[in-house]
file input-v2.pdb (PDB, C-alpha atoms)
ATOM      1  CA  MET A   1       2.609 -26.988  26.784
ATOM      2  CA  ASN A   2      -0.465 -25.707  24.980
ATOM      3  CA  PRO A   3      -0.226 -25.398  21.208
ATOM      4  CA  ILE A   4      -1.045 -22.038  19.669
ATOM      5  CA  VAL A   5      -4.305 -22.373  17.833
ATOM      6  CA  PRO A   6      -4.387 -20.705  14.404
ATOM      7  CA  PRO A   7      -7.432 -18.699  13.332
ATOM      8  CA  ALA A   8     -10.436 -20.702  12.186
ATOM      9  CA  SER A   9      -9.596 -20.184   8.519
ATOM     10  CA  PRO A  10      -5.883 -19.384   8.092
ATOM     11  CA  GLY A  11      -6.036 -19.490   4.326
ATOM     12  CA  PRO A  12      -4.381 -21.651   1.675
ATOM     13  CA  ASP A  13      -0.942 -20.023   2.043
ATOM     14  CA  ALA A  14      -0.673 -20.402   5.839
ATOM     15  CA  ARG A  15       2.623 -21.883   7.039
ATOM     16  CA  PRO A  16       3.769 -22.735  10.556
ATOM     17  CA  VAL A  17       5.754 -20.235  12.591
ATOM     18  CA  ASP A  18       6.921 -21.326  16.037
ATOM     19  CA  VAL A  19       6.535 -18.835  18.890
ATOM     20  CA  ALA A  20       8.550 -19.226  22.100
ATOM     21  CA  PHE A  21       7.781 -17.242  25.227
ATOM     22  CA  VAL A  22      11.204 -16.151  26.453
ATOM     23  CA  ARG A  23       9.603 -14.224  29.316
ATOM     24  CA  GLN A  24       6.869 -16.187  31.052
ATOM     25  CA  GLU A  25       4.810 -13.063  31.824
ATOM     26  CA  ALA A  26       4.495 -12.554  28.051
ATOM     27  CA  ARG A  27       1.937 -15.398  27.924
ATOM     28  CA  LEU A  28      -0.606 -13.049  29.490
ATOM     29  CA  HIS A  29       0.021 -10.307  26.941
ATOM     30  CA  TYR A  30      -0.305 -12.567  23.894
ATOM     31  CA  ARG A  31      -3.384 -14.524  24.948
ATOM     32  CA  GLN A  32      -5.551 -12.519  22.515
ATOM     33  CA  SER A  33      -3.058 -11.180  19.998
ATOM     34  CA  LEU A  34      -1.906 -14.566  18.667
ATOM     35  CA  THR A  35      -5.296 -14.680  17.003
ATOM     36  CA  PRO A  36      -5.694 -12.031  14.283
ATOM     37  CA  ALA A  37      -7.966  -9.109  15.152
ATOM     38  CA  THR A  38      -9.974  -9.618  11.943
ATOM     39  CA  ARG A  39     -10.314 -12.375   9.396
ATOM     40  CA  ASP A  40      -7.950 -10.638   6.977
ATOM     41  CA  SER A  41      -5.402  -9.221   9.450
ATOM     42  CA  VAL A  42      -1.879 -10.210   8.425
ATOM     43  CA  GLY A  43       0.193  -8.840  11.313
ATOM     44  CA  LEU A  44       0.835 -10.222  14.771
ATOM     45  CA  ASP A  45       0.563  -7.434  17.324
ATOM     46  CA  LEU A  46       3.768  -7.271  19.351
ATOM     47  CA  CYS A  47       3.235  -6.403  23.003
ATOM     48  CA  ALA A  48       5.457  -4.588  25.471
ATOM     49  CA  CYS A  49       6.845  -7.019  28.029
ATOM     50  CA  LEU A  50       8.357  -4.532  30.454
ATOM     51  CA  GLU A  51      10.097  -5.260  33.728
ATOM     52  CA  THR A  52       8.027  -2.445  35.278
ATOM     53  CA  GLU A  53       4.359  -1.543  34.920
ATOM     54  CA  GLU A  54       5.090   1.283  32.507
ATOM     55  CA  ALA A  55       7.841   3.166  30.730
ATOM     56  CA  LEU A  56       8.145   6.790  29.678
ATOM     57  CA  ILE A  57       9.488   7.925  26.325
ATOM     58  CA  PRO A  58      10.431  11.621  26.276
ATOM     59  CA  ALA A  59       9.661  13.677  23.169
ATOM     60  CA  GLY A  60      12.194  12.841  20.457
ATOM     61  CA  ALA A  61      13.670   9.902  22.414
ATOM     62  CA  ARG A  62      13.924   6.192  21.670
ATOM     63  CA  LEU A  63      13.209   3.245  23.961
ATOM     64  CA  ARG A  64      14.223  -0.410  23.538
ATOM     65  CA  VAL A  65      11.115  -2.437  24.377
ATOM     66  CA  PRO A  66      11.253  -6.207  24.970
ATOM     67  CA  THR A  67       8.364  -8.237  23.556
ATOM     68  CA  GLY A  68       8.895 -11.447  25.513
ATOM     69  CA  ILE A  69       8.752 -13.686  22.435
ATOM     70  CA  SER A  70      10.966 -15.183  19.780
ATOM     71  CA  VAL A  71       9.791 -16.648  16.481
ATOM     72  CA  GLN A  72      10.974 -19.162  13.921
ATOM     73  CA  PRO A  73       9.298 -19.492  10.506
ATOM     74  CA  HIS A  74       9.435 -22.869   8.802
ATOM     75  CA  VAL A  75       9.313 -21.591   5.251
ATOM     76  CA  PRO A  76      12.480 -21.008   3.237
ATOM     77  CA  GLY A  77      12.897 -17.436   2.045
ATOM     78  CA  VAL A  78      10.519 -15.894   4.585
ATOM     79  CA  ALA A  79      11.548 -13.260   7.129
ATOM     80  CA  GLY A  80       9.692 -11.237   9.747
ATOM     81  CA  PHE A  81       9.290  -7.480   9.422
ATOM     82  CA  VAL A  82       8.400  -5.236  12.362
ATOM     83  CA  TYR A  83       6.197  -2.319  11.374
ATOM     84  CA  SER A  84       4.684   0.547  13.344
ATOM     85  CA  ARG A  85       1.061   0.181  14.374
ATOM     86  CA  SER A  86      -0.788   2.789  12.350
ATOM     87  CA  GLY A  87      -2.904   4.186  15.191
ATOM     88  CA  LEU A  88       0.014   4.383  17.597
ATOM     89  CA  GLY A  89       2.108   6.216  15.026
ATOM     90  CA  ALA A  90      -0.563   8.533  13.642
ATOM     91  CA  CYS A  91      -2.302   9.368  16.921
ATOM     92  CA  GLU A  92       0.484   9.095  19.516
ATOM     93  CA  GLY A  93       3.644   9.650  17.463
ATOM     94  CA  LEU A  94       5.208   6.331  18.547
ATOM     95  CA  VAL A  95       6.833   4.566  15.593
ATOM     96  CA  VAL A  96       9.415   1.854  14.996
ATOM     97  CA  ALA A  97      12.652   3.842  15.289
ATOM     98  CA  GLN A  98      14.488   2.426  12.260
ATOM     99  CA  GLY A  99      11.395   2.529  10.040
ATOM    100  CA  VAL A 100      11.089  -1.232   9.645
ATOM    101  CA  GLY A 101      12.816  -3.893  11.713
ATOM    102  CA  VAL A 102      13.963  -7.101  10.036
ATOM    103  CA  ILE A 103      13.823 -10.444  11.851
ATOM    104  CA  ASP A 104      16.082 -12.776   9.877
ATOM    105  CA  PRO A 105      14.768 -16.347   9.643
ATOM    106  CA  ASP A 106      17.798 -17.697  11.531
ATOM    107  CA  TYR A 107      17.476 -15.231  14.452
ATOM    108  CA  THR A 108      15.893 -17.048  17.379
ATOM    109  CA  GLY A 109      16.456 -14.510  20.163
ATOM    110  CA  GLU A 110      13.889 -12.296  21.801
ATOM    111  CA  ILE A 111      12.346  -9.644  19.573
ATOM    112  CA  PHE A 112      12.989  -6.094  20.754
ATOM    113  CA  VAL A 113      11.289  -3.052  19.281
ATOM    114  CA  PHE A 114      12.934   0.357  19.388
ATOM    115  CA  LEU A 115      10.140   2.899  19.668
ATOM    116  CA  LEU A 116      10.753   6.507  18.660
ATOM    117  CA  ASN A 117       8.566   9.246  20.087
ATOM    118  CA  THR A 118       8.024  11.673  17.206
ATOM    119  CA  SER A 119       5.480  13.728  19.147
ATOM    120  CA  GLY A 120       6.283  16.890  21.036
ATOM    121  CA  GLU A 121       5.181  15.359  24.333
ATOM    122  CA  GLU A 122       6.318  12.588  26.638
ATOM    123  CA  ARG A 123       4.563   9.288  25.904
ATOM    124  CA  ARG A 124       3.847   6.390  28.226
ATOM    125  CA  ILE A 125       3.577   2.720  27.355
ATOM    126  CA  LYS A 126       2.225   0.141  29.765
ATOM    127  CA  ASN A 127       3.165  -3.465  30.224
ATOM    128  CA  GLY A 128       1.117  -5.462  27.706
ATOM    129  CA  ASP A 129       0.419  -2.558  25.328
ATOM    130  CA  ARG A 130       0.455  -3.463  21.631
ATOM    131  CA  ILE A 131       3.452  -1.497  20.340
ATOM    132  CA  ALA A 132       4.206  -2.776  16.814
ATOM    133  CA  GLN A 133       3.206  -5.489  14.381
ATOM    134  CA  LEU A 134       5.110  -8.427  12.967
ATOM    135  CA  VAL A 135       4.417  -9.429   9.366
ATOM    136  CA  PHE A 136       6.059 -12.354   7.559
ATOM    137  CA  GLN A 137       7.007 -11.776   3.938
ATOM    138  CA  PRO A 138       8.935 -13.644   1.252
ATOM    139  CA  CYS A 139      12.408 -12.340   0.495
ATOM    140  CA  VAL A 140      14.687 -12.788  -2.477
ATOM    141  CA  ARG A 141      18.306 -13.460  -1.673
ATOM    142  CA  PRO A 142      20.129 -12.252  -4.774
ATOM    143  CA  LEU A 143      23.130 -13.765  -6.435
ATOM    144  CA  TRP A 144      25.259 -10.631  -6.805
ATOM    145  CA  ARG A 145      27.143 -10.091 -10.054
ATOM    146  CA  GLU A 146      29.567  -7.275 -10.687
ATOM    147  CA  VAL A 147      29.136  -5.609 -14.070
ATOM    148  CA  ALA A 148      30.852  -2.648 -15.722
ATOM    149  CA  ALA A 149      27.526  -0.807 -16.204
ATOM    150  CA  LEU A 150      23.830  -1.487 -15.780
ATOM    151  CA  ALA A 151      21.573  -2.122 -18.775
ATOM    152  CA  PRO A 152      19.841   1.042 -20.079
ATOM    153  CA  THR A 153      16.198   1.716 -19.157
ATOM    154  CA  ASP A 154      13.661   4.390 -20.151
ATOM    155  CA  ARG A 155      14.046   6.032 -16.746
ATOM    156  CA  GLY A 156      17.792   5.723 -16.363
ATOM    157  CA  SER A 157      19.132   7.452 -13.256
ATOM    158  CA  GLY A 158      16.155   9.826 -12.860
ATOM    159  CA  GLY A 159      15.450   9.927  -9.134
ATOM    160  CA  PHE A 160      13.430  12.021  -6.714
ATOM    161  CA  GLY A 161      10.782  14.045  -8.529
ATOM    162  CA  HIS A 162      11.746  12.571 -11.890
ATOM    163  CA  THR A 163       8.169  11.610 -12.778
ATOM    164  CA  GLY A 164       6.617  14.908 -11.623
ATOM    165  CA  ARG A 165       4.090  15.726  -8.949
TER     166      ARG A 165
END
call {"tool": "encode", "arguments": {"input": "input-v2.pdb", "output": "structure tokens"}}
result
Amino acid sequence: MNPIVPPASPGPDARPVDVAFVRQEARLHYRQSLTPATRDSVGLDLCACLETEEALIPAGARLRVPTGISVQPHVPGVAGFVYSRSGLGACEGLVVAQGVGVIDPDYTGEIFVFLLNTSGEERRIKNGDRIAQLVFQPCVRPLWREVAALAPTDRGSGGFGHTGR
């Protein structure tokens, strides 16, 4: 088994994340994308690992897309977050259906991305297309405490539009 080679200069905060190919054909799709596109890229491009050459997503519809990989970070308090790719969302109208997908650190199954077609036209994705990005971020797991009321703040309960336009 070949190890995944990190970028030439991963930076002082780089930590290991294991990647398993749960679909062997996924190895072809990730050959390039396991290396960041630029020196400062933080996301791993997730690729479509379809059972057919392509899939159609009608206007307004969602599609569950397998990526062929699973991941496991080795840093306590770090989880994976699946975000839309900006060009795919802005230009094609294909976005992560639930806004942001969360990959809990103890989930070791295949990553699936639900794509939502927000355009007015049918969209097509091909096997191997980069469909989303996976970013690892630290998370705080709170110790919940029930209180009778929250401490007062300058803002209080002022919500949407509270601070003006």
call {"tool": "atom_distance", "arguments": {"input": "input-v2.pdb", "atom1": "atom CA of A:Gly128", "atom2": "atom CA of A:Ala90"}}
result
19.9 Å
call {"tool": "resolve_selection", "arguments": {"input": "input-v2.pdb", "expression": "the PyMOL selection byres ((chain A and resi 48) around 6)", "output": "PyMOL selection string"}}
result
chain A and resi 47+49-50+67+127-129
call {"tool": "write_last_selection", "arguments": {"input": "input-v2.pdb", "atoms": "C-alpha atoms", "output": "JSON list (two decimals), keeping the file's coordinate frame"}}
result
[["chain", "number", "residue", "atom", "x", "y", "z"],
["A", 47, "CYS", "CA", 3.24, -6.40, 23.00],
["A", 49, "CYS", "CA", 6.84, -7.02, 28.03],
["A", 50, "LEU", "CA", 8.36, -4.53, 30.45],
["A", 67, "THR", "CA", 8.36, -8.24, 23.56],
["A", 127, "ASN", "CA", 3.16, -3.46, 30.22],
["A", 128, "GLY", "CA", 1.12, -5.46, 27.71],
["A", 129, "ASP", "CA", 0.42, -2.56, 25.33]]
call {"tool": "closest_residue", "arguments": {"input": "input-v2.pdb", "among": "A:Thr153, A:Arg85, A:Gly161, A:Ala61", "to": "A:Glu121", "atoms": "only C-alpha atoms"}}
result
A:Ala61
call {"tool": "resolve_selection", "arguments": {"input": "input-v2.pdb", "expression": "the PyMOL selection byres ((chain A and resi 19) around 6)", "output": "list in words"}}
result
Asp18, Ala20, Ser70 and Val71 of chain A
call {"tool": "resolve_selection", "arguments": {"input": "input-v2.pdb", "expression": "the PyMOL selection byres ((chain A and resi 41-45) around 9)", "output": "MDAnalysis selection string"}}
result
chainID A and resid 30 33:40 46:47 83 85 130:136
call {"tool": "closest_residue", "arguments": {"input": "input-v2.pdb", "among": "A:Glu53, A:Thr108, A:Leu94, A:Gly101", "to": "A:Ile69", "atoms": "all atoms listed in the file"}}
result
A:Thr108
call {"tool": "closest_residue", "arguments": {"input": "input-v2.pdb", "among": "A:Leu56, A:Leu63, A:Cys91, A:Val78", "to": "A:Phe112", "atoms": "all atoms listed in the file"}}
result
A:Leu63
call {"tool": "atom_distance", "arguments": {"input": "input-v2.pdb", "atom1": "atom CA of A:Val95", "atom2": "atom CA of A:Leu115"}}
result
5.5 Å
call {"tool": "atom_distance", "arguments": {"input": "input-v2.pdb", "atom1": "atom CA of A:Gln98", "atom2": "atom CA of A:Trp144"}}
result
25.5 Å
